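Have a look at the structure below before the remarks.
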Amino acid sequence: MQNEKLTDMQRDALKELGNIGAGSAATALSQLLGKDIKLNVPDVTIIPIEKVNEKIAKHQQIIAAVYLRIYGEIQARALLILPQDKIFYIIDLLMKKKLGTTREFGENEQSAIKEIGNIIISSYLNALAKFIGLNSVPSVPALAVDMADAIIQTISAELAEVGPDAFLIENEMVEKETDLSTTLLILPEMTSMKKILKALNDTIKGS
Amino acid sequence: MAHINVEMGQLKIGKYNDVLTAYGIGSCVVVICYDRINPVAGMLHGILPEKPAKKSGENRYINSGIENLIKTLLDMGVSIKNIDAKILGGASMFDVKLSSDTIGERNIKMAKEVLTKKQIKITGEDTGLNYGRNVEFFVETKKTVIKSFTHGLKYI
C-alpha cells in the first residue's frame with residue numbers, strides 16, 4: 001500500500017468523530033472517577049509506523065496501558081494510557097476509597113484498571129456505532145506497566161504487519177484538580193479507515 | 001567516542017569506543033553482530049520476523065536485516081569466522097495474549113534461525129518475558145548493558 005494522505009475535509013470529519021467517541025468516553029471516565037474530565041481536541045494523523053513513538057512522545061515514561069483489539073465492522077486497536085504515578089489515586093477514586101488507601105498493584109487493582117479501559121473503549125465504540133452505524137466490539141483487555149516506548153513499539157509492530165503507515169486518533173482527557181492526563185489512542189486499520197470515511201460521508205449527506 | 005542510537009527499522013555500525021544503543025525495545029529484537037578480535041560491531045533493531053516479497057525497508061525485518069548486517073561487516077573487511085552475536089528483546093509486553101503467538105516470540109525464533117544457518121555463535125541473550133528493555137553495547141569491550149523498569153540492570 002502506498003502512503004495514504006487525508007484531505008482537510010476528511011481530517012475535520014475524523015476529528016469530529018474522535019470528539020464524539022471521546023466525549024462519550026470522557027463522560028464514562030468522569031462517572032467512574034466522580035471527577036470533572038475535560039477533553040482536548042483530538043489529533044488525527046497518518047504517519048509511518050517508525051514515527052508513532054515520536055508522535056506520542058512519552059518515551060521512557062512509565063505508563064499503565066490497557067490494550068484492546070476491536071473487531072467487527074471496524075477493525076482497530078485501542079490503547080488507554082494512564083500515568084503510572086497516578087494509578088493508586090485512580091484506583092482509590094474508582095473503588096470509592098479514601099485517597100491514599102491503595103498502596104499495592106495486586107490482582108484486584110490490575111483488574112480495576114483493565115475494567116476502566118474496557119468501559120471507556122466500549123463507550124467510545126457505542127458512540128461511533130450510533131453516529132455512523134458501524135458496529136464493533138472490544139476484545140478482553142490486556143495490561144502492561146512499563147516504558148511507554150516499549151509498549152507503543154509493540155503495537156506499532158502489529159500495525160507494521162498490515163501496512164507501512166499507522167492511522168492514529170489521539171484523544172487526551174484531563175482532570176484539572178490533580179493534573180491527571182489520560183490518553184486514548186485509537187488505531188483503525190487502513191481498510192477500516194476507508195469504511196469509516198465512507199460512513200461519515202454518507203452520514204453527512206444524509207443529514 | 002560516540003553514542004550511536006539505533007531506532008526501529010535501522011541498522012548501524014560502531015567502531016572502537018563507540019556505544020551502540022537502542023531504547024524502548026518491546027517486541028522488537030535487537031541483534032548485535034561483532035568482530036570477536038577487532039573493535040567493530042553492528043546493531044540491527046528489527047520490528048518483524050520476515051520480509052514479505054516486494055517490500056522495501058529491509059532493516060525492518062529480522063531475516064533481511066541480519067543478512068544486511070553481516071554483509072556490511074564483511075564489506076568492511078571483517079572475517080565471517082570472527083563474527084559472534086548477541087540477541088535482545090522480543091518481549092510479550094501484555095499480560096493477556098490477544099493473538100496465538102506474539103511478534104516478540106516470532107522475532108526471537110527468526111533471529112536464532114538465521115544466525116544458526118550462518119553458523120554465527122550467539123554468545124549472549126536476554127530475550128522474551130514481559131518487559132521493555134534499553135540496550136547499550138560497548139564496541140571495544142563487547143559488553144552489553146540492559147536496563148529495564150521491572151528487572152533493573154543486567155550485563156551480558
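Each chain in the C-alpha cells gets a letter, A, B, ..., in the order shown, and its residues are numbered from 1; ligands are numbered from 1 in order too.
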Write out as a PyMOL selection string every residue belonging to chain B that has an atom at most 10 Å from any atom of chain A, counting only C-alpha atoms. chain B and resi 7-10+23-28+46-52+55-57+60+89-99+102-104+130-134+148-150
Which residues are near Ser30 of chain A? Cut-off 12 Å, only C-alpha atoms, ignore same chain within fewer than 4 positions. Put them as an NGL selection string. :A and (22-26 or 34-39 or 90 or 93-94 or 116 or 119-120 or 173-176 or 180 or 182)
So the first atom is atom CA of Leu20 of chain B and the second is atom CA of Ile47 of chain A; what is the distance between them in Å, to one decimal place? 26.4 Å
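Among the candidates A:Asp43, A:Asp202, A:Glu172, A:Glu54, the one nearest to Leu134 of chain A when counting only C-alpha atoms is A:Asp202.
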Name all residues at most 10 Å from Thr102 of chain A (count only C-alpha atoms; drop same-chain ones fewer than 6 positions away) and give them as an NGL selection string. :A and (87-93 or 95 or 109)
Point-to-point distance from atom CA of Tyr16 of chain B to atom CA of Glu140 of chain B, Å rounded to tenths: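 That distance, rounded to one decimal, is 5.1 Å.
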Would you list the contacts of Asp84 of chain B as an MDAnalysis selection string, taking every protein, DNA or RNA residue within 9 Å and counting only C-alpha atoms, but skipping same-chain residues closer than 4 positions in sequence? chainID B and resid 32:36 80 120:123
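Shell of Ile66 of chain B at 10 Å, with only C-alpha atoms counted and residues fewer than 5 places along the chain excluded, is Leu11, Val31, Ile32, Cys33, Gly42, Met43, Leu44, His45, Gly46, Glu58, Asn59, Tyr61, Lys71, Thr72, Met110, Ala111, Val114, Leu115 and Lys118 of chain B.
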Could you pull out the residues in chain B that DSSP calls strand (DSSP E) from the backbone, as a ChimeraX atom specification? /B:3-5,11-15,19-25,29-35,40-46,83-89,121-127,133-138,143-148,152-155
Residues of chain B in alpha helix (DSSP H) according to DSSP, as an MDAnalysis selection string? chainID B and resid 62:75 103:117
Same residues, C-alpha atoms, output as a PDB file, in the first residue's frame:
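Result file out-v9.pdb:
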```
ATOM      1  CA  ILE B  62      14.884  -9.690  11.185  1.00  0.00           C
ATOM      2  CA  ASN B  63      15.767 -12.064   8.336  1.00  0.00           C
ATOM      3  CA  SER B  64      16.779  -9.494   5.701  1.00  0.00           C
ATOM      4  CA  GLY B  65      18.183  -7.190   8.380  1.00  0.00           C
ATOM      5  CA  ILE B  66      20.641  -9.811   9.664  1.00  0.00           C
ATOM      6  CA  GLU B  67      21.714 -10.522   6.051  1.00  0.00           C
ATOM      7  CA  ASN B  68      22.430  -6.798   5.623  1.00  0.00           C
ATOM      8  CA  LEU B  69      24.218  -6.597   8.945  1.00  0.00           C
ATOM      9  CA  ILE B  70      26.566  -9.441   8.099  1.00  0.00           C
ATOM     10  CA  LYS B  71      27.144  -8.190   4.556  1.00  0.00           C
ATOM     11  CA  THR B  72      28.012  -4.715   5.878  1.00  0.00           C
ATOM     12  CA  LEU B  73      30.570  -6.172   8.275  1.00  0.00           C
ATOM     13  CA  LEU B  74      32.084  -8.396   5.551  1.00  0.00           C
ATOM     14  CA  ASP B  75      32.319  -5.405   3.193  1.00  0.00           C
ATOM     15  CA  ILE B 103       5.503 -10.914  17.383  1.00  0.00           C
ATOM     16  CA  GLY B 104       8.194 -10.936  20.074  1.00  0.00           C
ATOM     17  CA  GLU B 105       8.301 -14.747  20.113  1.00  0.00           C
ATOM     18  CA  ARG B 106       8.392 -14.936  16.319  1.00  0.00           C
ATOM     19  CA  ASN B 107      11.171 -12.329  16.155  1.00  0.00           C
ATOM     20  CA  ILE B 108      13.406 -14.291  18.542  1.00  0.00           C
ATOM     21  CA  LYS B 109      12.797 -17.524  16.648  1.00  0.00           C
ATOM     22  CA  MET B 110      13.719 -15.912  13.321  1.00  0.00           C
ATOM     23  CA  ALA B 111      16.877 -14.265  14.709  1.00  0.00           C
ATOM     24  CA  LYS B 112      18.097 -17.604  16.075  1.00  0.00           C
ATOM     25  CA  GLU B 113      17.243 -19.434  12.852  1.00  0.00           C
ATOM     26  CA  VAL B 114      19.138 -17.001  10.620  1.00  0.00           C
ATOM     27  CA  LEU B 115      22.204 -16.814  12.891  1.00  0.00           C
ATOM     28  CA  THR B 116      22.343 -20.603  13.224  1.00  0.00           C
ATOM     29  CA  LYS B 117      22.102 -21.000   9.454  1.00  0.00           C
TER      30      LYS B 117
END
```
Tell me, as a VMD selection string, which residues lie within 12 Å of Ile46 of chain A, counting only C-alpha atoms; anything in the same chain fewer than 6 positions away does not count. chain A and resid 2 to 7 10 to 11 14 52 55 163 to 170 186 to 190 193
